[in-house]
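Engineer: Below are the structure tokens for one structure; questions will follow.
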Amino acid sequence: MIFSFVRSLSGATAVLSVAAFAIAATTPTRPEMPKADWHISGPFGGSATAIAIDPAHPNIILAGARNSLLYKSDDAGATWRMLPLPPRTFGEITSILIDAADSRHYLVGMISTFRPGVFESPDGGNTWVENKDVYDIGVRALAASASDPEIFAAGTLKGVMLSKDSGKTWSRISDPANLEMQGVTAVAIDPKDPNIIYAGTTHLPWRTSDGGKTWSSIHSGMIDDSDVFSIYIDPNTPKDVFASACSGIYCTFNRGEKWWKLMGIPNTSRRTHVVREDPIDRNILYAGTTLGLFKTINHGASWKTLLSGQVNSIAFDPTQSKTMYFAIEDDGIGKSFDSGQTIQLINHGFVSRTINSVTLAGSMLYAADALDGETTGLFSSADRGETWQKLPASRGLEGVHMHTIVGVPGEGRILLGATSRQLYKSIDAGASWQPEPIRLESAVHSRSAYPKGRSSGKFRSIKPVASTREVLASDITALYATKSGTKNLLFATTDLGLLRSGDLGEHWTLANLSGDTAVNALYLSAIPDGRLVLRANGSLYLSKDFGDHWTSLFFPQSTSHVRDVAVPWDHSQPLLVATDSGLFSSVDNGHSWLPVSGGLPPSTVNSVIYSPANGSCIYAIEFGQLYRSTDSGSSWARLPTAFPSLHVRQLWIPDKTADRLYGMTNDLGILFRNEALIR
């Protein structure tokens, strides 16, 4: 059985360059886990948004990501573990502050759609609390004073906030009536005078020289309406200040009274998220932009590209100035030992990635991340998901974001993929791809016959003539594959209907459904026996012959509430449908339905699946938690996990020989459990 998922990783060291690169991944050890528990498989990497180093213990590093993910490394980035930061809806870690006076005291700034703010840990990240003074306020930046370590500043969506007691209490020091200082995106405190504070906003920079009593706009020399993303103050010469903005990089030698723009970076890359000065040589600057990492050794007269791809944050090892860390938008965490000349990915355990689709092709697993930079990120695993390799940039997919892929059973090198409107095919295990038109076949019977003989008046029977035409789909939702005897069958759910191909996608036929056209999902048994369930806009349909014929299932709810369907391979077991209001069961091929209870809550069940090894063993996901039944769904037990919060959205088992259960998430990529699937 092949599944494709719509909606959400690689860690052994790899060298990054401007050209394409490969990433290897291994699974981090978690000795505290129960024997049978979820393992974060990867592919490691993904979007890293912020990074910070403990100034007293430089082997300790914190890295933030989207989806409220925060990671910690105790070994200079060799391995990472996830910290139990409270999850927030669409939360993004924007800033991290490690208290210079207390290495176990962490502050994290977050924006989110639900209760953003400052989160604080007093014990090295083991426990977290929300700060009551910055409650429900989006935070973009955090900074600490070098001359008075108890003074912290926060750039928030409601202005600049200041703490004089190491973050315990906060007060707003910018004028709430000043609308131009409502969205503060960067803050910096003068290293020698904590009363001098700089604030970057979505409308140019500001400065206070009296601890926030008064503020002045300091934008002379900057392009109007420049969004200021970061501010850096030279620790030895505080009059020298750098600012990075959407319009490029600026410097001032008089605390912002006049700014000069640094030229040399191409205009296409001028949107600069972070600028930092080398700790030893003030002529050396690093700029992390939307389209790459740049370096100058002559104070901005000329620049060299070190890395392609967006860089969001930069941190220097305080004991080794040539050792640098980078938070990279699509590739996770990078590390350099030679001032950025070579950069290694160090993502062993770090993952912030949404895998849209996973499939089996031959003995290989393949996974696709549709949001991986400028094109689809494709990954392969030869060891059942223990480790993943990122495939080099695939020819034919430049600028293409495929959201679904499928492998062909028994064919290790043939893959099909699709965007919403276009099919693609690879015959070399994903190295290159070609767009494939949808050639729709239909059988047409001729109405005109000719006499077999002039005297007899009898007519000769004529065989149906196949008519082929190319059609365009505007919504290809997913691709699937199965085997009917020795024949490979491919399916595509589209706005045109369900397409089926028996020749590896060269030609397609359209399923005959009563009244429905657009279809959303197809569900197959782990052991191919001809039974398929199709979810269309108006109904669920059942086929017992691999899609030749379909009958409507009399499901009592709208298909808009259906999350998943489990087709049993053992015909004595019930058909199961997961919905927003619980799990439903039918023992008569869909003629009647009953709600399932027995320990499974009557709430949203995201996914349900049968074990291919035991017909009475079923797994279900209810709000991210895994349940198991070993008696055909009569009773359910919640399986324990060491993870404080996991958002598993979909279960997957690759085929009937599998002894591992996989889970898909919106942020942690692919998980697996060595359940042995209760044989």
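Chain lettering (A, B, ...) mirrors the order of the structure tokens, residue numbering begins at 1 for each chain separately, and ligand numbering begins at 1 in order of display.
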Could you give me, as a list in words, the residues within 7 Å of Glu441 in chain A, counting only C-alpha atoms and dropping anything in the same chain fewer than 3 positions from it?

Structural biologist: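 In the requested form, the answer reads Ala466, Ser467, Thr468, Arg469, His507, Trp508 and Thr509 of chain A.
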
Engineer: Based on the selection just made, write N, CA and C atoms of those residues as an mmCIF file, in the first residue's frame.

Structural biologist:
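As written to disk, out-v7.cif reads:
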data_model
loop_
_atom_site.group_PDB
_atom_site.id
_atom_site.type_symbol
_atom_site.label_atom_id
_atom_site.label_comp_id
_atom_site.auth_asym_id
_atom_site.auth_seq_id
_atom_site.Cartn_x
_atom_site.Cartn_y
_atom_site.Cartn_z
ATOM 1 N N ALA A 466 -10.773 3.124 -28.692
ATOM 2 C CA ALA A 466 -10.281 3.963 -27.600
ATOM 3 C C ALA A 466 -9.988 5.365 -28.110
ATOM 4 N N SER A 467 -10.555 6.341 -27.428
ATOM 5 C CA SER A 467 -10.309 7.741 -27.758
ATOM 6 C C SER A 467 -9.452 8.366 -26.664
ATOM 7 N N THR A 468 -8.408 9.072 -27.037
ATOM 8 C CA THR A 468 -7.491 9.683 -26.078
ATOM 9 C C THR A 468 -7.484 11.195 -26.264
ATOM 10 N N ARG A 469 -7.586 11.911 -25.151
ATOM 11 C CA ARG A 469 -7.488 13.368 -25.201
ATOM 12 C C ARG A 469 -6.744 13.852 -23.964
ATOM 13 N N HIS A 507 -1.308 6.733 -19.702
ATOM 14 C CA HIS A 507 -2.712 6.967 -20.024
ATOM 15 C C HIS A 507 -3.537 6.753 -18.766
ATOM 16 N N TRP A 508 -4.683 7.452 -18.712
ATOM 17 C CA TRP A 508 -5.536 7.403 -17.535
ATOM 18 C C TRP A 508 -6.987 7.185 -17.949
ATOM 19 N N THR A 509 -7.751 6.545 -17.089
ATOM 20 C CA THR A 509 -9.193 6.448 -17.267
ATOM 21 C C THR A 509 -9.872 7.091 -16.065
#

Engineer: I'd like the contact shell of Lys487 in chain A - 8 Å cut-off, only C-alpha atoms, skipping same-chain residues fewer than 3 positions apart - returned as a list in words.

Structural biologist: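 After dropping sequence-adjacent residues, the list is Lys483, Ser484 and Gly502 of chain A.
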
Engineer: Excluding range 253-258 of chain A and any residue of its chain fewer than 6 positions from it, enumerate the residues within 8 Å of it, using only C-alpha atoms, and give them as number ranges by chain.

Structural biologist: A: 218-221, 238-241

Engineer: In Å, rounded to a single decimal, give me how far CA of Val400 in chain A is from CA of Asn347 in chain A.

Structural biologist: 25.1 Å

Engineer: Residues near Ser73 in chain A, anyone? I mean within 6 Å using only C-alpha atoms, not counting same-chain ones fewer than 5 positions away, as a list in words.

Structural biologist: Ile60, Ile61, Thr79 and Trp80 of chain A

Engineer: Print the selection's residues with N, CA, C and O atoms to a file, as a compact mmCIF listing (two decimals), in the first residue's frame.

Structural biologist:
# COMPACT_ATOMS: atom_id res chain seq x y z
N ILE A 60 27.08 24.93 25.00
CA ILE A 60 25.62 24.94 25.12
C ILE A 60 25.05 25.95 24.14
O ILE A 60 25.39 27.14 24.18
N ILE A 61 24.17 25.47 23.28
CA ILE A 61 23.58 26.30 22.23
C ILE A 61 22.08 26.07 22.22
O ILE A 61 21.61 24.93 22.37
N THR A 79 24.76 17.16 18.65
CA THR A 79 23.42 16.58 18.79
C THR A 79 22.49 17.62 19.39
O THR A 79 22.94 18.54 20.09
N TRP A 80 21.20 17.45 19.12
CA TRP A 80 20.18 18.37 19.60
C TRP A 80 19.05 17.59 20.25
O TRP A 80 18.74 16.47 19.84

Engineer: With only C-alpha atoms as the basis for distance, which of A:Asp564, A:Glu180, A:Glu374, A:Glu470 is at the shortest distance from Ser442 in chain A?

Structural biologist: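 Residue with the minimum atom-to-atom distance to Ser442 in chain A: A:Glu470.
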
Engineer: Looking only at the backbone, which of the residues in range 410-647 of chain A does DSSP tag as strand (DSSP E), as JSON, numbers by chain?

Structural biologist: {"A": [411, 412, 413, 414, 415, 416, 417, 418, 423, 424, 425, 426, 434, 435, 436, 438, 439, 440, 441, 442, 443, 444, 465, 466, 467, 468, 469, 470, 471, 476, 477, 478, 479, 480, 481, 482, 483, 484, 487, 488, 489, 490, 491, 492, 493, 494, 497, 498, 499, 500, 501, 509, 510, 519, 520, 521, 522, 523, 524, 532, 533, 534, 535, 536, 540, 541, 542, 543, 551, 552, 553, 562, 563, 564, 565, 566, 575, 576, 577, 578, 579, 582, 583, 584, 585, 586, 594, 595, 596, 605, 606, 607, 608, 609, 610, 618, 619, 620, 621, 622, 625, 626, 627, 628, 629, 637, 638]}

Engineer: Store the residues picked out above, limited to C-alpha atoms, as a short mmCIF file (atom, residue, chain, number, x, y, z; two decimals), in the first residue's frame.

Structural biologist:
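Below you can see result34.cif, which holds the result:
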data_model
loop_
_atom_site.label_atom_id
_atom_site.label_comp_id
_atom_site.auth_asym_id
_atom_site.auth_seq_id
_atom_site.Cartn_x
_atom_site.Cartn_y
_atom_site.Cartn_z
CA GLU A 411 9.86 -0.53 -9.14
CA GLY A 412 12.67 1.10 -7.22
CA ARG A 413 13.45 3.87 -9.71
CA ILE A 414 10.03 5.04 -10.90
CA LEU A 415 8.34 7.89 -9.04
CA LEU A 416 5.41 10.12 -9.87
CA GLY A 417 4.74 13.50 -8.30
CA ALA A 418 2.30 16.33 -8.70
CA LEU A 423 1.96 15.60 -13.03
CA TYR A 424 5.68 14.77 -13.07
CA LYS A 425 7.52 11.50 -13.58
CA SER A 426 11.01 10.27 -12.72
CA GLN A 434 9.66 15.33 -16.70
CA PRO A 435 6.20 16.91 -16.79
CA GLU A 436 3.56 14.38 -17.82
CA ILE A 438 -2.88 13.71 -18.40
CA ARG A 439 -3.96 11.61 -21.38
CA LEU A 440 -7.52 10.56 -20.65
CA GLU A 441 -8.83 7.48 -22.45
CA SER A 442 -12.47 6.62 -23.04
CA ALA A 443 -14.02 3.77 -24.99
CA VAL A 444 -16.28 4.93 -27.85
CA VAL A 465 -12.45 2.31 -30.27
CA ALA A 466 -10.28 3.96 -27.60
CA SER A 467 -10.31 7.74 -27.76
CA THR A 468 -7.49 9.68 -26.08
CA ARG A 469 -7.49 13.37 -25.20
CA GLU A 470 -5.33 15.53 -22.97
CA VAL A 471 -7.11 17.15 -20.05
CA ILE A 476 -4.56 17.21 -8.04
CA THR A 477 -4.76 16.40 -4.33
CA ALA A 478 -2.79 13.14 -4.05
CA LEU A 479 -1.30 10.14 -5.86
CA TYR A 480 -1.57 6.47 -4.87
CA ALA A 481 -0.33 3.10 -6.08
CA THR A 482 -1.18 -0.55 -5.53
CA LYS A 483 -0.78 -3.88 -7.26
CA SER A 484 -3.49 -6.00 -8.88
CA LYS A 487 -0.14 -5.28 -12.72
CA ASN A 488 0.78 -1.92 -11.19
CA LEU A 489 -2.09 0.52 -10.77
CA LEU A 490 -1.75 4.25 -10.17
CA PHE A 491 -4.52 6.54 -8.95
CA ALA A 492 -4.85 10.33 -8.77
CA THR A 493 -7.56 12.17 -6.85
CA THR A 494 -8.41 15.37 -8.74
CA GLY A 497 -12.57 12.79 -10.55
CA LEU A 498 -10.57 9.68 -9.75
CA LEU A 499 -7.99 8.87 -12.43
CA ARG A 500 -6.55 5.37 -12.82
CA SER A 501 -3.58 4.24 -14.88
CA THR A 509 -9.19 6.45 -17.27
CA LEU A 510 -11.86 8.21 -15.24
CA VAL A 519 -12.64 13.57 -5.28
CA ASN A 520 -10.39 14.27 -2.32
CA ALA A 521 -8.75 11.08 -1.06
CA LEU A 522 -8.39 7.35 -1.67
CA TYR A 523 -7.92 4.70 1.01
CA LEU A 524 -6.36 1.28 0.38
CA LEU A 532 -10.75 0.78 -2.18
CA VAL A 533 -12.67 3.55 -0.46
CA LEU A 534 -12.96 6.91 -2.18
CA ARG A 535 -13.87 10.20 -0.53
CA ALA A 536 -15.69 12.59 -2.86
CA LEU A 540 -17.89 7.82 0.32
CA TYR A 541 -17.63 5.10 -2.34
CA LEU A 542 -16.50 1.48 -2.13
CA SER A 543 -14.90 -0.59 -4.87
CA THR A 551 -21.07 1.75 -4.91
CA SER A 552 -22.02 4.55 -2.54
CA LEU A 553 -21.51 4.02 1.19
CA VAL A 562 -14.04 12.60 7.41
CA ARG A 563 -10.35 12.56 8.34
CA ASP A 564 -9.30 9.00 7.42
CA VAL A 565 -10.61 5.55 6.47
CA ALA A 566 -9.15 2.16 7.44
CA LEU A 575 -14.58 -0.82 7.94
CA LEU A 576 -13.53 2.22 10.03
CA VAL A 577 -13.99 5.94 9.38
CA ALA A 578 -12.22 8.61 11.46
CA THR A 579 -14.12 11.89 11.78
CA GLY A 582 -14.92 10.22 16.71
CA LEU A 583 -14.49 6.83 15.08
CA PHE A 584 -17.28 4.98 13.26
CA SER A 585 -17.47 1.28 12.39
CA SER A 586 -19.36 -0.78 9.81
CA LEU A 594 -22.00 2.62 14.79
CA PRO A 595 -19.81 4.97 16.85
CA VAL A 596 -16.74 3.37 18.42
CA VAL A 605 -9.76 11.18 15.32
CA ASN A 606 -7.21 12.25 12.75
CA SER A 607 -6.10 8.86 11.51
CA VAL A 608 -6.84 5.15 11.79
CA ILE A 609 -5.01 2.15 10.33
CA TYR A 610 -4.98 -1.65 10.52
CA ILE A 618 -5.86 -1.21 14.95
CA TYR A 619 -4.07 2.08 15.63
CA ALA A 620 -5.74 5.49 15.87
CA ILE A 621 -4.62 9.07 16.44
CA GLU A 622 -6.86 11.24 18.61
CA GLN A 625 -2.15 10.84 20.85
CA LEU A 626 -1.75 7.22 19.80
CA TYR A 627 -4.32 4.58 20.78
CA ARG A 628 -4.28 0.86 20.05
CA SER A 629 -6.95 -1.81 19.95
CA ALA A 637 -5.60 1.80 25.24
CA ARG A 638 -3.59 4.99 25.02
#

Engineer: What's the 7 Å shell around range 93-99 of chain A, counting only C-alpha atoms, without same-chain residues fewer than 2 positions away, as a PyMOL selection string?

Structural biologist: chain A and resi 49-52+54+64-66+68+91+101-103+105-111+140-143

Engineer: May I have the residues from that selection written out with N, CA, C and O atoms, as a short mmCIF file (atom, residue, chain, number, x, y, z; two decimals), in the first residue's frame?

Structural biologist:
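File written: again-v2.cif
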data_model
loop_
_atom_site.label_atom_id
_atom_site.label_comp_id
_atom_site.auth_asym_id
_atom_site.auth_seq_id
_atom_site.Cartn_x
_atom_site.Cartn_y
_atom_site.Cartn_z
N THR A 49 15.11 29.68 13.02
CA THR A 49 14.81 31.11 13.05
C THR A 49 15.72 31.93 13.97
O THR A 49 15.87 33.13 13.77
N ALA A 50 16.30 31.29 15.00
CA ALA A 50 17.12 32.03 15.96
C ALA A 50 18.13 31.08 16.58
O ALA A 50 17.89 29.88 16.69
N ILE A 51 19.28 31.64 17.01
CA ILE A 51 20.31 30.83 17.64
C ILE A 51 21.05 31.67 18.67
O ILE A 51 21.22 32.89 18.49
N ALA A 52 21.45 31.05 19.78
CA ALA A 52 22.18 31.75 20.84
C ALA A 52 23.14 30.79 21.52
O ALA A 52 22.86 29.60 21.64
N ASP A 54 25.59 30.07 25.01
CA ASP A 54 25.85 30.40 26.41
C ASP A 54 27.24 31.02 26.50
O ASP A 54 28.24 30.37 26.19
N GLY A 64 16.06 28.07 17.85
CA GLY A 64 14.61 28.16 17.74
C GLY A 64 14.14 27.94 16.32
O GLY A 64 14.91 28.06 15.35
N ALA A 65 12.85 27.62 16.21
CA ALA A 65 12.26 27.35 14.91
C ALA A 65 10.80 27.78 14.94
O ALA A 65 10.31 28.33 15.92
N ARG A 66 10.12 27.52 13.85
CA ARG A 66 8.68 27.76 13.82
C ARG A 66 7.95 26.65 14.55
O ARG A 66 8.55 25.69 15.00
N SER A 68 6.68 26.74 17.45
CA SER A 68 7.04 26.75 18.88
C SER A 68 8.11 25.74 19.23
O SER A 68 8.15 25.23 20.35
N GLY A 91 3.21 29.39 16.32
CA GLY A 91 4.23 30.12 17.06
C GLY A 91 5.57 30.08 16.36
O GLY A 91 5.95 29.08 15.76
N ALA A 101 24.62 36.23 33.56
CA ALA A 101 24.90 36.06 34.98
C ALA A 101 24.41 34.72 35.53
O ALA A 101 24.78 34.34 36.64
N ASP A 102 23.60 34.01 34.75
CA ASP A 102 23.05 32.73 35.20
C ASP A 102 22.82 31.86 33.97
O ASP A 102 21.83 32.02 33.26
N SER A 103 23.72 30.92 33.74
CA SER A 103 23.68 30.14 32.51
C SER A 103 22.48 29.23 32.40
O SER A 103 22.20 28.71 31.32
N HIS A 105 19.44 30.28 33.09
CA HIS A 105 18.30 31.17 32.95
C HIS A 105 18.14 31.54 31.48
O HIS A 105 18.99 32.23 30.91
N TYR A 106 17.04 31.09 30.87
CA TYR A 106 16.79 31.34 29.45
C TYR A 106 15.53 32.18 29.30
O TYR A 106 14.55 31.99 30.03
N LEU A 107 15.54 33.07 28.30
CA LEU A 107 14.35 33.79 27.87
C LEU A 107 14.17 33.58 26.37
O LEU A 107 15.15 33.61 25.62
N VAL A 108 12.93 33.39 25.98
CA VAL A 108 12.61 33.17 24.57
C VAL A 108 11.49 34.12 24.19
O VAL A 108 10.46 34.21 24.89
N GLY A 109 11.66 34.82 23.08
CA GLY A 109 10.62 35.68 22.54
C GLY A 109 9.89 34.96 21.42
O GLY A 109 10.50 34.27 20.61
N MET A 110 8.55 35.14 21.39
CA MET A 110 7.75 34.40 20.42
C MET A 110 6.63 35.27 19.88
O MET A 110 6.06 36.09 20.60
N ILE A 111 6.34 35.06 18.60
CA ILE A 111 5.10 35.58 18.02
C ILE A 111 4.22 34.38 17.69
O ILE A 111 4.72 33.30 17.37
N ARG A 140 9.56 40.29 19.05
CA ARG A 140 10.43 40.10 17.89
C ARG A 140 11.90 40.05 18.25
O ARG A 140 12.70 39.46 17.51
N ALA A 141 12.31 40.66 19.36
CA ALA A 141 13.74 40.76 19.66
C ALA A 141 13.97 40.85 21.16
O ALA A 141 13.13 41.38 21.90
N LEU A 142 15.11 40.31 21.60
CA LEU A 142 15.56 40.41 22.99
C LEU A 142 17.02 40.83 23.00
O LEU A 142 17.80 40.44 22.13
N ALA A 143 17.41 41.63 24.01
CA ALA A 143 18.80 42.06 24.14
C ALA A 143 19.12 42.25 25.62
O ALA A 143 18.23 42.53 26.44
#

Engineer: When you count only C-alpha atoms, which of these residues is closest to Leu204 in chain A: A:Pro601, A:Gly183, A:Pro612, A:Pro568?

Structural biologist: A:Gly183

Engineer: Measuring between only C-alpha atoms, which one of A:Gln573, A:Ser121, A:Ser166, A:Ser474 shows the shortest distance to Ser632 in chain A?

Structural biologist: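 Nearest to Ser632 in chain A: A:Gln573.
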